[in-house]
Structure formats: structure tokens, C-alpha cells
$ cat final13.txt   # compact mmCIF, C-alpha atoms
# COMPACT_ATOMS: atom_id res chain seq x y z
CA MET A 1 121.31 91.32 75.81
CA ASN A 2 122.68 94.72 76.87
CA PHE A 3 119.53 96.58 77.90
CA VAL A 4 120.86 100.11 77.39
CA GLU A 5 122.35 99.24 74.00
CA GLU A 6 119.04 97.69 72.96
CA LEU A 7 117.04 100.77 73.94
CA THR A 8 119.61 103.10 72.36
CA TRP A 9 119.44 101.64 68.83
CA ARG A 10 115.65 101.62 69.13
CA GLY A 11 115.68 105.38 69.84
CA MET A 12 114.27 104.88 73.33
CA VAL A 13 116.87 106.68 75.45
CA HIS A 14 116.49 110.40 76.18
CA THR A 15 118.40 110.85 79.43
CA ILE A 16 120.30 108.29 81.48
CA MET A 17 122.01 108.69 84.83
CA PRO A 18 125.73 107.82 84.90
CA GLY A 19 126.34 104.29 86.17
CA THR A 20 123.00 102.91 84.96
CA GLU A 21 124.46 100.69 82.23
CA GLU A 22 127.18 99.43 84.56
CA ILE A 23 124.77 98.33 87.34
CA LEU A 24 122.61 96.52 84.77
CA GLN A 25 125.64 94.62 83.49
CA LYS A 26 126.83 93.81 87.00
CA GLU A 27 123.74 92.21 88.61
CA MET A 28 120.07 91.39 88.17
CA ILE A 29 118.06 94.34 89.44
CA SER A 30 114.44 95.38 89.55
CA ALA A 31 113.29 98.46 87.64
CA TYR A 32 109.90 100.11 87.62
CA VAL A 33 107.60 102.22 85.50
CA GLY A 34 104.61 104.01 87.01
CA ILE A 35 101.20 103.81 85.38
CA ASP A 36 98.33 106.14 86.19
CA PRO A 37 95.18 104.11 86.99
CA THR A 38 92.66 106.82 86.09
CA ALA A 39 91.05 104.54 83.46
CA ASP A 40 90.26 100.82 83.33
CA SER A 41 92.36 100.35 80.20
CA LEU A 42 95.81 101.21 78.98
CA HIS A 43 96.10 103.27 75.81
CA ILE A 44 98.94 103.12 73.32
CA GLY A 45 100.76 105.98 75.05
CA HIS A 46 101.41 103.53 77.91
CA LEU A 47 103.01 101.04 75.52
CA VAL A 48 106.30 102.94 75.47
CA GLY A 49 106.86 102.28 79.18
CA VAL A 50 105.59 98.71 78.81
CA MET A 51 108.06 98.07 75.98
CA MET A 52 110.89 99.40 78.15
CA LEU A 53 109.89 96.86 80.80
CA LYS A 54 109.62 94.11 78.16
CA HIS A 55 113.18 94.71 76.93
CA LEU A 56 114.32 94.90 80.55
CA GLN A 57 112.78 91.48 81.22
CA GLU A 58 114.29 90.06 78.02
CA SER A 59 117.66 91.30 79.33
CA GLY A 60 117.26 89.19 82.48
CA HIS A 61 116.10 91.92 84.87
CA LYS A 62 112.86 92.14 86.85
CA PRO A 63 110.13 94.56 85.73
CA ILE A 64 107.83 96.16 88.27
CA VAL A 65 104.66 97.95 87.21
CA LEU A 66 103.68 100.50 89.81
CA VAL A 67 100.02 101.41 89.67
CA GLY A 68 99.70 104.89 91.12
CA GLY A 69 96.68 104.39 93.34
CA ALA A 70 97.90 107.04 95.79
CA THR A 71 99.44 109.40 93.24
CA GLY A 72 96.31 108.96 91.10
CA MET A 73 94.44 110.58 93.97
CA ILE A 74 96.70 113.64 93.74
CA GLY A 75 97.62 114.33 90.11
CA ASP A 76 101.01 114.72 88.47
CA PRO A 77 101.78 118.32 87.44
CA SER A 78 104.26 117.21 84.74
CA GLY A 79 103.06 118.33 81.33
CA LYS A 80 99.66 119.32 82.74
CA SER A 81 98.10 122.74 83.00
CA GLU A 82 95.30 121.94 85.43
CA GLU A 83 94.34 119.69 88.32
CA ARG A 84 92.95 116.24 87.53
CA ASN A 85 89.86 114.56 88.91
CA LEU A 86 90.46 112.49 92.03
CA LEU A 87 89.28 108.86 92.20
CA ASP A 88 87.94 106.74 95.05
CA GLU A 89 89.64 103.53 96.19
CA ALA A 90 87.03 101.14 94.73
CA THR A 91 87.44 102.67 91.26
CA LEU A 92 91.24 102.57 91.53
CA ARG A 93 91.20 98.88 92.56
CA HIS A 94 88.91 97.99 89.67
CA ASN A 95 91.14 99.86 87.24
CA GLN A 96 94.23 98.11 88.62
CA GLU A 97 92.79 94.65 87.95
CA CYS A 98 91.81 95.62 84.40
CA LEU A 99 95.31 96.99 83.70
CA LYS A 100 96.95 93.83 85.03
CA THR A 101 94.84 91.65 82.73
CA GLN A 102 96.11 93.65 79.74
CA LEU A 103 99.72 93.69 80.95
CA MET A 104 99.77 89.90 81.41
CA LYS A 105 99.62 89.58 77.61
CA LEU A 106 102.70 91.78 77.23
CA LEU A 107 104.94 90.87 80.17
CA ASP A 108 105.67 87.56 81.93
CA PHE A 109 103.90 87.65 85.30
CA GLU A 110 103.19 83.94 85.60
CA THR A 111 106.29 81.77 85.20
CA ASP A 112 108.62 80.75 88.01
CA ALA A 113 111.45 82.82 86.55
CA PRO A 114 113.25 84.97 89.16
CA ASN A 115 112.68 87.99 86.93
CA ARG A 116 108.94 87.52 86.45
CA ALA A 117 107.04 90.80 86.41
CA GLU A 118 105.31 92.15 89.48
CA MET A 119 102.56 94.70 89.96
CA VAL A 120 102.39 96.93 93.04
CA ASN A 121 100.08 99.76 94.05
CA ASN A 122 101.55 102.69 95.96
CA TYR A 123 98.25 103.15 97.78
CA ASP A 124 99.14 100.01 99.78
CA TRP A 125 102.03 101.72 101.54
CA MET A 126 100.88 105.34 101.34
CA LYS A 127 97.45 104.81 102.96
CA GLU A 128 99.01 104.15 106.39
CA PHE A 129 101.02 107.38 106.38
CA SER A 130 99.74 110.19 108.54
CA PHE A 131 100.44 113.70 107.28
CA LEU A 132 102.76 114.37 110.24
CA SER A 133 104.69 111.14 109.68
CA PHE A 134 105.17 111.92 106.02
CA ILE A 135 106.46 115.46 106.44
CA ARG A 136 108.75 114.26 109.28
CA ASP A 137 110.12 111.07 107.64
CA VAL A 138 110.19 112.17 104.00
CA GLY A 139 109.66 115.92 103.69
CA LYS A 140 112.63 116.92 105.82
CA HIS A 141 115.09 115.19 103.45
CA ILE A 142 114.23 117.31 100.37
CA THR A 143 114.46 121.10 100.40
CA VAL A 144 111.82 123.39 98.92
CA ASN A 145 114.61 124.97 96.84
CA TYR A 146 115.31 121.55 95.28
CA MET A 147 111.63 120.95 94.54
CA MET A 148 111.08 124.40 93.03
CA ALA A 149 114.01 123.99 90.67
CA LYS A 150 112.14 121.25 88.76
CA ASP A 151 110.89 122.38 85.35
CA SER A 152 107.41 120.92 85.90
CA VAL A 153 107.04 123.06 89.04
CA LYS A 154 108.68 126.21 87.65
CA LYS A 155 106.39 126.34 84.61
CA ARG A 156 103.30 126.16 86.78
CA LEU A 157 104.51 128.68 89.35
CA THR A 158 105.52 131.25 86.74
CA GLY A 159 102.21 130.92 84.91
CA GLU A 160 103.76 129.40 81.76
CA ALA A 161 101.36 126.47 82.15
CA GLY A 162 98.06 126.90 83.98
CA ASP A 163 97.06 129.10 86.90
CA GLY A 164 99.59 128.13 89.51
CA MET A 165 99.79 124.95 91.53
CA SER A 166 98.08 123.57 94.62
CA PHE A 167 100.06 122.32 97.58
CA THR A 168 98.64 118.87 96.76
CA GLU A 169 100.34 118.82 93.36
CA PHE A 170 103.48 120.44 94.71
CA THR A 171 103.96 117.43 97.00
CA TYR A 172 103.57 114.98 94.11
CA GLN A 173 107.30 114.61 93.50
CA LEU A 174 107.81 113.77 97.20
CA VAL A 175 105.20 111.00 97.01
CA GLN A 176 106.73 109.61 93.80
CA GLY A 177 110.17 109.93 95.36
CA TYR A 178 108.98 107.93 98.35
CA ASP A 179 107.66 105.21 96.00
CA PHE A 180 111.17 104.77 94.64
CA LEU A 181 112.58 104.66 98.18
CA HIS A 182 110.01 102.03 99.23
CA LEU A 183 110.73 99.84 96.19
CA TYR A 184 114.48 100.30 96.71
CA GLN A 185 114.18 99.09 100.30
CA HIS A 186 111.68 96.27 99.79
CA HIS A 187 112.10 95.08 96.17
CA ASN A 188 115.78 95.62 95.33
CA CYS A 189 114.57 98.26 92.85
CA LYS A 190 117.49 100.40 91.73
CA LEU A 191 116.14 101.92 88.53
CA GLN A 192 113.09 103.98 87.64
CA MET A 193 112.13 104.59 84.02
CA GLY A 194 109.59 106.85 82.36
CA GLY A 195 109.03 109.53 79.74
CA SER A 196 111.41 112.47 79.53
CA ASP A 197 108.83 114.68 81.30
CA GLN A 198 109.30 112.45 84.38
CA TRP A 199 113.03 113.16 84.82
CA GLY A 200 112.42 115.67 87.63
CA ASN A 201 110.16 113.34 89.59
CA ILE A 202 112.48 110.35 89.10
CA THR A 203 115.60 112.19 90.23
CA THR A 204 113.78 113.37 93.36
CA GLY A 205 113.51 109.66 94.15
CA THR A 206 117.21 108.97 93.55
CA GLU A 207 118.06 111.97 95.73
CA LEU A 208 115.73 110.82 98.52
CA ILE A 209 117.32 107.34 98.44
CA ARG A 210 120.79 108.89 98.64
CA ARG A 211 119.94 111.23 101.51
CA LYS A 212 117.90 108.77 103.57
CA THR A 213 119.86 105.51 103.05
CA GLY A 214 123.21 106.54 101.56
CA GLY A 215 122.39 104.11 98.71
CA GLU A 216 122.62 104.67 94.98
CA ALA A 217 119.70 104.45 92.55
CA PHE A 218 119.42 105.25 88.87
CA ALA A 219 117.17 106.90 86.29
CA LEU A 220 116.49 106.39 82.59
CA THR A 221 113.96 108.23 80.45
CA CYS A 222 112.80 107.82 76.88
CA PRO A 223 111.81 110.61 74.49
CA LEU A 224 108.15 111.59 74.39
CA ILE A 225 106.74 110.02 71.25
CA THR A 226 105.64 112.55 68.66
CA LYS A 227 104.17 112.36 65.17
CA ALA A 228 106.01 113.74 62.15
CA ASP A 229 103.14 116.16 61.43
CA GLY A 230 103.32 117.60 64.94
CA GLY A 231 100.11 115.90 66.11
CA LYS A 232 99.94 114.07 69.43
CA PHE A 233 100.88 110.40 69.25
CA GLY A 234 98.04 108.01 70.05
CA LYS A 235 95.27 110.57 69.59
CA THR A 236 92.65 110.27 66.86
CA GLU A 237 89.55 112.31 66.14
CA SER A 238 87.64 109.99 68.47
CA GLY A 239 90.24 110.27 71.25
CA ASN A 240 92.77 107.81 72.66
CA VAL A 241 93.62 104.51 70.98
CA TRP A 242 92.87 102.04 73.79
CA LEU A 243 94.00 98.47 74.33
CA ASP A 244 90.54 97.46 75.56
CA PRO A 245 88.65 96.10 72.51
CA ALA A 246 85.40 97.50 73.92
CA ARG A 247 86.88 101.03 73.74
CA THR A 248 88.90 100.68 70.51
CA SER A 249 88.00 97.69 68.33
CA PRO A 250 90.88 95.47 67.11
CA TYR A 251 90.01 96.67 63.59
CA LYS A 252 90.44 100.35 64.53
CA PHE A 253 93.55 99.49 66.54
CA TYR A 254 95.04 97.75 63.48
CA GLN A 255 94.02 100.63 61.22
CA PHE A 256 95.75 103.18 63.47
CA TRP A 257 99.14 101.50 62.92
CA LEU A 258 98.43 100.72 59.26
CA ASN A 259 97.71 104.39 58.52
CA THR A 260 100.89 105.83 60.04
CA SER A 261 103.19 107.83 57.77
CA ASP A 262 106.42 106.27 56.49
CA VAL A 263 108.49 108.52 58.78
CA ASP A 264 106.46 107.59 61.85
CA ALA A 265 106.31 103.88 60.96
CA GLU A 266 110.13 103.72 60.78
CA LYS A 267 110.27 105.11 64.31
CA TYR A 268 107.36 103.09 65.70
CA ILE A 269 108.57 99.71 64.41
CA ARG A 270 111.71 100.13 66.53
CA ILE A 271 109.81 101.22 69.63
CA PHE A 272 106.69 99.06 69.62
CA THR A 273 107.78 95.71 68.13
CA LEU A 274 110.19 92.99 69.23
CA PHE A 275 111.78 92.64 65.79
CA GLY A 276 115.58 92.61 65.88
CA LYS A 277 117.76 95.31 64.32
CA GLU A 278 118.61 93.38 61.14
CA GLU A 279 115.00 92.34 60.65
CA ILE A 280 113.78 95.93 60.97
CA GLU A 281 116.43 97.20 58.56
CA ALA A 282 115.36 94.53 56.04
CA ILE A 283 111.68 95.52 56.37
CA ILE A 284 112.53 99.22 55.89
CA ALA A 285 114.70 98.43 52.84
CA GLU A 286 111.90 96.33 51.30
CA HIS A 287 109.39 99.10 52.00
CA GLN A 288 111.57 101.72 50.30
CA THR A 289 111.59 99.73 47.03
CA ALA A 290 107.77 99.95 46.82
CA PRO A 291 106.35 102.36 49.43
CA HIS A 292 102.81 102.07 48.01
CA LEU A 293 102.63 98.45 49.22
CA ARG A 294 103.05 99.69 52.83
CA VAL A 295 105.19 96.69 53.84
CA LEU A 296 106.52 98.63 56.83
CA GLN A 297 103.11 99.64 58.17
CA LYS A 298 101.71 96.13 57.62
CA ALA A 299 104.55 94.51 59.57
CA LEU A 300 104.16 97.04 62.41
CA ALA A 301 100.36 96.72 62.55
CA LYS A 302 100.43 92.92 62.49
CA ASP A 303 103.04 92.52 65.24
CA ILE A 304 101.41 94.89 67.67
CA THR A 305 97.81 93.78 66.99
CA VAL A 306 98.70 90.12 67.55
CA ARG A 307 100.50 90.88 70.83
CA VAL A 308 97.88 93.25 72.25
CA HIS A 309 94.84 91.32 70.96
CA SER A 310 95.35 87.95 69.22
CA GLU A 311 96.18 86.28 65.92
CA ALA A 312 92.44 85.75 65.32
CA ASP A 313 91.71 89.45 65.94
CA TYR A 314 94.50 90.38 63.54
CA GLN A 315 93.11 88.07 60.84
CA ALA A 316 89.63 89.53 61.33
CA ALA A 317 91.00 93.09 61.10
CA LEU A 318 92.92 92.18 57.95
CA GLU A 319 89.82 90.62 56.39
CA ALA A 320 87.75 93.67 57.31
CA SER A 321 90.35 95.99 55.76
CA GLU A 322 90.25 94.05 52.50
CA ILE A 323 86.45 94.36 52.28
CA LEU A 324 86.72 98.14 51.99
CA PHE A 325 89.30 97.89 49.21
CA GLY A 326 87.32 95.53 47.05
CA LYS A 327 89.02 92.24 47.88
CA GLY A 328 86.55 91.01 50.48
CA THR A 329 83.87 88.38 49.98
CA THR A 330 80.23 88.09 50.99
CA GLU A 331 81.25 85.44 53.53
CA ALA A 332 83.87 87.75 55.04
CA LEU A 333 81.30 90.54 55.29
CA HIS A 334 78.87 88.25 57.15
CA ARG A 335 81.60 87.29 59.61
CA LEU A 336 82.05 90.88 60.80
CA ASP A 337 80.53 91.75 64.15
CA GLU A 338 78.36 94.87 64.26
CA ASP A 339 81.02 97.16 65.77
CA THR A 340 83.63 96.21 63.15
CA LEU A 341 81.09 96.51 60.33
CA LEU A 342 80.24 100.05 61.44
CA SER A 343 83.93 100.89 61.91
CA VAL A 344 84.84 99.69 58.41
CA PHE A 345 82.08 101.73 56.78
CA GLU A 346 82.24 104.72 59.09
CA GLY A 347 81.45 107.86 57.15
CA VAL A 348 79.73 106.24 54.14
CA PRO A 349 76.27 107.64 53.26
CA GLN A 350 73.45 106.00 55.21
CA PHE A 351 69.77 105.51 54.43
CA GLU A 352 66.98 104.09 56.56
CA ILE A 353 64.73 101.38 55.13
CA SER A 354 61.57 99.88 56.53
CA LEU A 355 61.95 96.42 58.05
CA SER A 356 58.28 95.70 57.45
CA GLU A 357 58.65 96.53 53.74
CA LEU A 358 61.74 94.34 53.56
CA GLU A 359 59.66 91.52 54.99
CA GLN A 360 57.48 91.74 51.86
CA GLY A 361 60.55 92.21 49.62
CA ILE A 362 61.68 95.33 47.71
CA GLY A 363 62.79 95.26 44.09
CA ILE A 364 66.38 96.42 43.63
CA VAL A 365 65.49 99.28 41.25
CA GLU A 366 62.90 100.61 43.67
CA LEU A 367 65.32 100.17 46.59
CA VAL A 368 68.21 102.15 45.07
CA ALA A 369 66.28 104.83 43.16
CA GLU A 370 63.10 105.44 45.21
CA LYS A 371 63.51 104.19 48.77
CA THR A 372 67.03 105.67 48.83
CA ALA A 373 68.93 108.24 46.74
CA ILE A 374 71.75 105.91 45.69
CA PHE A 375 70.76 106.52 42.05
CA PRO A 376 69.09 109.71 40.79
CA SER A 377 66.72 107.77 38.53
CA LYS A 378 65.38 104.28 37.82
CA GLY A 379 66.82 104.43 34.30
CA GLU A 380 70.35 105.04 35.55
CA ALA A 381 69.94 102.27 38.13
CA ARG A 382 68.81 99.79 35.46
CA ARG A 383 71.75 100.68 33.17
CA MET A 384 74.31 100.05 35.91
CA LEU A 385 72.54 96.88 37.06
CA LYS A 386 72.66 95.59 33.49
CA ASP A 387 76.41 96.27 33.36
CA GLY A 388 76.98 94.38 36.65
CA GLY A 389 77.91 97.56 38.52
CA VAL A 390 75.72 97.07 41.60
CA GLN A 391 76.49 94.81 44.55
CA ILE A 392 74.49 93.92 47.64
CA ASN A 393 76.73 92.73 50.48
CA LYS A 394 79.65 92.22 48.05
CA THR A 395 77.56 90.09 45.62
CA LYS A 396 76.65 91.38 42.14
CA VAL A 397 72.91 91.56 41.50
CA GLY A 398 70.73 92.07 38.40
CA ASP A 399 67.58 94.15 37.92
CA ASP A 400 65.41 91.20 38.94
CA PHE A 401 66.89 91.05 42.45
CA ILE A 402 64.47 91.31 45.37
CA ALA A 403 65.93 92.55 48.67
CA ASN A 404 64.51 91.08 51.88
CA GLN A 405 65.35 90.59 55.53
CA ALA A 406 67.59 87.61 54.73
CA ASN A 407 70.01 90.13 53.17
CA LEU A 408 70.53 92.02 56.44
CA LEU A 409 73.93 91.92 58.13
CA SER A 410 73.72 91.55 61.92
CA GLY A 411 69.95 91.55 61.39
CA LYS A 412 69.96 95.28 60.67
CA TYR A 413 72.29 96.46 57.88
CA MET A 414 72.61 96.09 54.11
CA LEU A 415 75.67 97.21 52.16
CA VAL A 416 75.07 98.56 48.67
CA GLN A 417 77.99 99.19 46.35
CA ARG A 418 77.66 101.34 43.23
CA GLY A 419 80.63 100.91 40.91
CA LYS A 420 84.01 100.16 42.45
CA LYS A 421 84.31 102.73 45.22
CA ASN A 422 80.87 104.05 46.19
CA TYR A 423 79.43 102.40 49.29
CA TYR A 424 76.07 103.01 50.99
CA MET A 425 74.83 101.57 54.27
CA LEU A 426 71.13 100.83 54.54
CA ILE A 427 69.83 100.52 58.09
CA GLY A 428 66.59 98.68 58.83
CA ARG A 429 64.24 100.43 61.23

$ encode --input "final13.txt" --output "C-alpha cells"
Amino acid sequence: MNFVEELTWRGMVHTIMPGTEEILQKEMISAYVGIDPTADSLHIGHLVGVMMLKHLQESGHKPIVLVGGATGMIGDPSGKSEERNLLDEATLRHNQECLKTQLMKLLDFETDAPNRAEMVNNYDWMKEFSFLSFIRDVGKHITVNYMMAKDSVKKRLTGEAGDGMSFTEFTYQLVQGYDFLHLYQHHNCKLQMGGSDQWGNITTGTELIRRKTGGEAFALTCPLITKADGGKFGKTESGNVWLDPARTSPYKFYQFWLNTSDVDAEKYIRIFTLFGKEEIEAIIAEHQTAPHLRVLQKALAKDITVRVHSEADYQAALEASEILFGKGTTEALHRLDEDTLLSVFEGVPQFEISLSELEQGIGIVELVAEKTAIFPSKGEARRMLKDGGVQINKTKVGDDFIANQANLLSGKYMLVQRGKKNYYMLIGR
């Protein structure tokens, strides 16, 4: 597989240094992407870089994930308007282990293949540097004029973004440049990849390698992923979409991809899945014949949920999605864990009910017309119950139904449905 060709048709090449494609065709090389370890989970914004490494590995080359333990202590000025919080070593090490666990599901770290993935932490080689050693061995090779010409620096210095820049952040590109030099010298790493906002930092590395060793290294960036409506990719009202199921449940993760617009889904299916070109074109063509069926979004959401989580998590998310749209069963509802149950019915009206009263049993008419305001009157409740228009936990009930604690989901919740689309969550207290 020609790596550059593969990324190009997927829309994943923004800028590429001359000679990059040729070196990749000529020999097996290592290439790296840097990941900021400021959290103990990746979010979907990181997946772009991970997918670049995945295609690189599929092309026979060796992916290196560089965890920025040292650079995470400084803060990258690119695209930022203010300084970031600095982390201690124990937190950074913990975060690194968590990130590796997630990455092992997406890249091959474990086989005996010569191009198996590797994870490194730049803190391991930066921590021994004294300030004097660094400015003597690294700083003297790059001029201040060169560093100030970078867009990320210029915007901060001119006040276009933020209130200036600390010396700490100004040196960031030198530290990142040294990372590339270190990997070039010790890991046969000749290519660094990242988002288009990283071009300045990456080329500082290629320049440092050239000036210090006389060697040649390369750079490739992908476009920053945007949404068609101008919103930030990967952000929801509740914040980032995380890969850690404790931060973003598999159901919510699946829903994020399922709810993308047609325009975005066409772009995302190329970037975030491993489907081939012909397969993607066939999915898009099928989708265009009946857009309301959301074939494109379903294929995208399934592929990425299975790879990040599991087939079982995907099936559970699918089942949970169907419950909301009327296709789910009582059994499926009982299988939901509490977090998924609350995610599925987030935003529906809620009422509190007494657990002690439930222990005695509450008649359905009293429950929906007196204990809660699901119906405005007992008469209206009885009419709809007679017509089979009321469900408790996805099961139709009549006016003789008595609700009790056995009806609680996760020992705490009861789902009442009035008609086809009106849901209410009762919470036992």
C-alpha cells in the first residue's frame, strides 16, 4: 500500500515535505505522532493522528507514539491563547499507561512484526538535560529569527491570540524539535506527522536534524478536522467525546457518530474507518438513494465503536438506540446499565416517587395522574389505558395494573410511556 496515496484519497494530507513519498517507497522507516498526556484518556480529536499511524503500519512502516511528558509540562502555543496547567511526573506516568491501554486496541504493539508500534515518553530523555546543556547543544543550532517566523509564535507576540508568550512556551518548538532529533538518532525515525497547526513545530525538528547531523527528515500534516456547521469537531454540549467508557459511555460514543450530518459523515468515514475506497463509495451511493435510513452514519458508527470499544458494546448501544425509537423490548430495557439508561432518556421529564409507597403498591391511575403529572386527570389516564396507550418499561398495561418495586430498573427507575413518543422517568427515593 502506498501510504501517501492512501492518506490523499482519504482527505488526510494538508502539507507534505518534498521527498516524503519517495523515502516511504524506498525503505521501512519509523514515523511518529505526539500525544499530549494531560488527561488519562484519548478523545476523538486524537483519533486523526492514530489513524495516520494505523495506515502507516498497514503500509509496512513502524509507528511511534510519543507521549509528551516533558512538553506536557510546558504547553504548546499552537492554536492556544493562554498557558496550560503543568502536571507532575506521577500524573503524567499514570496518564501514559492509560493512553497505551487504549492505543493497544487500535495499533499493533504486541506481535513480533518488525513494524510493531512503540510508545516513548520524551520526559525520559529530557529530564537529564540541564538548562545550560540544552541551550548549548540544541539552542545554538536554531536562530531566534527562525523561531519568531513561525505563525504560532507570531500570532501570540503580536497579540492576535492571547496576551503574549512566556519564554517557557517560546522554547516549546526547540523541545519538540529535539524530540525529532532524538528519535531520528535512536529509532530510525525520519518522519513526523500531526495536524496542520503543527507544521511549524515539525519543521523546526527537520531543520535541527539537518543542521546538527546533516541528515534528512520529513514532515506530513493532515487538515484540522472541522464540522460542516462550523462547530468544533469532537465537542458536544457536555464537552469532549472520550474513548474511556467511564467518561463517555459506548452508547453516547455511538450516538455521536450516528448523529453526524451527511456532509460530515462522508468526510469522517474516509478518515476514521478502515473501509477501502470502493467500499466507501458503495456505502455513500447506497446512502444517497435513501438518506433517511442513515446507512452512511450507521456504517461509520458501527466500525468505530467496535474498534474503540467492542462488538458487545456496539450491540448494546444499538439495542439502547432502538429502545428510544419504539423498537426496543422490556428485556432490552432491563439489560441496560444505569449510565446507559440515563443517557438514553437524558432530557425526558422526571418525577420522584416514594420507594416505601411502591413497596405497598400504587395503582397505575393514581401513579400517572396523582403521584406524577404525566396525565392532567384520572379520566384522561383511564381513557388512554383502555386504548392500550400506556406502557411501563416498554410493556403495555391496563387500568388494573399495580406498580411496585419489582418494576424498578437498576433498583431505582421506572419508565412510563404515554402514546408513541412521550417518555417519563420515575425515580424512586

$ residues_around --input "final13.txt" --residues "Tyr178 (chain A)" --least-positions-apart "3" --cutoff "10 Å" --atoms "all atoms listed in the file" --output "mmCIF file with C-alpha atoms, in the frame of the given file"
data_model
loop_
_atom_site.group_PDB
_atom_site.id
_atom_site.type_symbol
_atom_site.label_atom_id
_atom_site.label_comp_id
_atom_site.auth_asym_id
_atom_site.auth_seq_id
_atom_site.Cartn_x
_atom_site.Cartn_y
_atom_site.Cartn_z
ATOM 1 C CA ASN A 122 101.550 102.690 95.960
ATOM 2 C CA TRP A 125 102.030 101.720 101.540
ATOM 3 C CA MET A 126 100.880 105.340 101.340
ATOM 4 C CA PHE A 134 105.170 111.920 106.020
ATOM 5 C CA ASP A 137 110.120 111.070 107.640
ATOM 6 C CA VAL A 138 110.190 112.170 104.000
ATOM 7 C CA GLY A 139 109.660 115.920 103.690
ATOM 8 C CA TYR A 172 103.570 114.980 94.110
ATOM 9 C CA GLN A 173 107.300 114.610 93.500
ATOM 10 C CA LEU A 174 107.810 113.770 97.200
ATOM 11 C CA VAL A 175 105.200 111.000 97.010
ATOM 12 C CA LEU A 181 112.580 104.660 98.180
ATOM 13 C CA HIS A 182 110.010 102.030 99.230
ATOM 14 C CA LEU A 183 110.730 99.840 96.190
ATOM 15 C CA TYR A 184 114.480 100.300 96.710
ATOM 16 C CA THR A 204 113.780 113.370 93.360
ATOM 17 C CA GLY A 205 113.510 109.660 94.150
ATOM 18 C CA THR A 206 117.210 108.970 93.550
ATOM 19 C CA LEU A 208 115.730 110.820 98.520
ATOM 20 C CA ILE A 209 117.320 107.340 98.440
#

$ atom_distance --input "final13.txt" --atom1 "CA of Ala228 (chain A)" --atom2 "CA of Asp264 (chain A)"
6.2 Å

$ closest_residue --input "final13.txt" --among "A:Thr330, A:Thr248, A:Thr171, A:Ser30" --to "Met119 (chain A)" --atoms "only C-alpha atoms"
A:Ser30

$ residues_around --input "final13.txt" --residues "Lys190 (chain A)" --least-positions-apart "2" --cutoff "10 Å" --atoms "only C-alpha atoms" --output "list in words"
Thr20, Ile23, Leu24, Ile29, Ser30, Ala31, Tyr32, Phe180, Leu181, Leu183, Tyr184, Gln185, His187, Asn188, Gln192, Thr206, Ile209, Gly215, Glu216, Ala217, Phe218 and Ala219 of chain A

$ closest_atom_pairs --input "final13.txt" --of "region 267-376 of chain A" --to "region 400-415 of chain A" --cutoff "9 Å" --atoms "all atoms listed in the file" --output "CSV"
residue,atom,partner,partner_atom,distance
A:Leu333,CA,A:Leu409,CA,8.0
A:His334,CA,A:Leu409,CA,6.2
A:Leu336,CA,A:Ser410,CA,8.4
A:Asp337,CA,A:Ser410,CA,7.2
A:Glu338,CA,A:Ser410,CA,6.2
A:Leu341,CA,A:Leu409,CA,8.8
A:Leu355,CA,A:Gln405,CA,7.2
A:Ser356,CA,A:Gln405,CA,8.9
A:Glu357,CA,A:Asn404,CA,8.2
A:Leu358,CA,A:Asn404,CA,4.6
A:Glu359,CA,A:Asn404,CA,5.8
A:Gln360,CA,A:Asn404,CA,7.1
A:Gly361,CA,A:Asn404,CA,4.7
A:Ile362,CA,A:Ala403,CA,5.2
A:Gly363,CA,A:Ile402,CA,4.5
A:Ile364,CA,A:Phe401,CA,5.5
A:Val365,CA,A:Asp400,CA,8.4
A:Leu367,CA,A:Ala403,CA,7.9

$ residues_around --input "final13.txt" --residues "Asp339 (chain A)" --least-positions-apart "4" --cutoff "9 Å" --atoms "only C-alpha atoms" --output "list in words"
Ser249, Ser343 and Val344 of chain A

$ atom_distance --input "final13.txt" --atom1 "CA of Glu21 (chain A)" --atom2 "CA of Ile64 (chain A)"
18.3 Å

$ closest_residue --input "final13.txt" --among "A:Gly239, A:Val65, A:Gly428, A:Met17" --to "Gly45 (chain A)" --atoms "only C-alpha atoms"
A:Gly239

$ residues_near_point --input "final13.txt" --point "(65.3, 107.6, 58.1)" --cutoff "10 Å" --atoms "all atoms listed in the file" --output "PyMOL selection string"
chain A and resi 350-354+372+426-429

$ write_last_selection --input "final13.txt" --atoms "C-alpha atoms" --output "PDB file, keeping the file's coordinate frame"
ATOM      1  CA  GLN A 350      73.450 106.000  55.210  1.00  0.00           C
ATOM      2  CA  PHE A 351      69.770 105.510  54.430  1.00  0.00           C
ATOM      3  CA  GLU A 352      66.980 104.090  56.560  1.00  0.00           C
ATOM      4  CA  ILE A 353      64.730 101.380  55.130  1.00  0.00           C
ATOM      5  CA  SER A 354      61.570  99.880  56.530  1.00  0.00           C
ATOM      6  CA  THR A 372      67.030 105.670  48.830  1.00  0.00           C
ATOM      7  CA  LEU A 426      71.130 100.830  54.540  1.00  0.00           C
ATOM      8  CA  ILE A 427      69.830 100.520  58.090  1.00  0.00           C
ATOM      9  CA  GLY A 428      66.590  98.680  58.830  1.00  0.00           C
ATOM     10  CA  ARG A 429      64.240 100.430  61.230  1.00  0.00           C
TER      11      ARG A 429
END

$ closest_residue --input "final13.txt" --among "A:Gly398, A:Gln315, A:Thr15, A:Asp124" --to "Thr203 (chain A)" --atoms "only C-alpha atoms"
A:Thr15

$ atom_distance --input "final13.txt" --atom1 "CA of Glu97 (chain A)" --atom2 "CA of Asp40 (chain A)"
8.1 Å

$ closest_residue --input "final13.txt" --among "A:Val50, A:Ala312, A:Met384, A:Leu324" --to "Leu66 (chain A)" --atoms "all atoms listed in the file"
A:Val50

$ closest_residue --input "final13.txt" --among "A:Pro37, A:Gly328, A:Gly68, A:Pro349" --to "Asn393 (chain A)" --atoms "all atoms listed in the file"
A:Gly328

$ build_atoms --input "final13.txt" --residues "region 415-424 of chain A" --atoms "N, CA and C atoms" --output "short mmCIF file (atom, residue, chain, number, x, y, z; two decimals), in the coordinates of the input"
data_model
loop_
_atom_site.label_atom_id
_atom_site.label_comp_id
_atom_site.auth_asym_id
_atom_site.auth_seq_id
_atom_site.Cartn_x
_atom_site.Cartn_y
_atom_site.Cartn_z
N LEU A 415 74.63 96.42 52.82
CA LEU A 415 75.67 97.21 52.16
C LEU A 415 75.43 97.23 50.66
N VAL A 416 75.25 98.41 50.11
CA VAL A 416 75.07 98.56 48.67
C VAL A 416 76.32 99.21 48.10
N GLN A 417 76.80 98.63 47.00
CA GLN A 417 77.99 99.19 46.35
C GLN A 417 77.62 99.59 44.93
N ARG A 418 77.91 100.84 44.58
CA ARG A 418 77.66 101.34 43.23
C ARG A 418 79.00 101.59 42.56
N GLY A 419 79.31 100.81 41.53
CA GLY A 419 80.63 100.91 40.91
C GLY A 419 81.67 100.32 41.84
N LYS A 420 82.92 100.76 41.67
CA LYS A 420 84.01 100.16 42.45
C LYS A 420 84.18 100.76 43.83
N LYS A 421 83.90 102.05 43.98
CA LYS A 421 84.31 102.73 45.22
C LYS A 421 83.18 103.36 46.01
N ASN A 422 81.95 103.35 45.49
CA ASN A 422 80.87 104.05 46.19
C ASN A 422 80.04 103.07 47.04
N TYR A 423 80.14 103.26 48.36
CA TYR A 423 79.43 102.40 49.29
C TYR A 423 78.29 103.17 49.96
N TYR A 424 77.23 102.44 50.28
CA TYR A 424 76.07 103.01 50.99
C TYR A 424 75.62 101.99 52.02
#
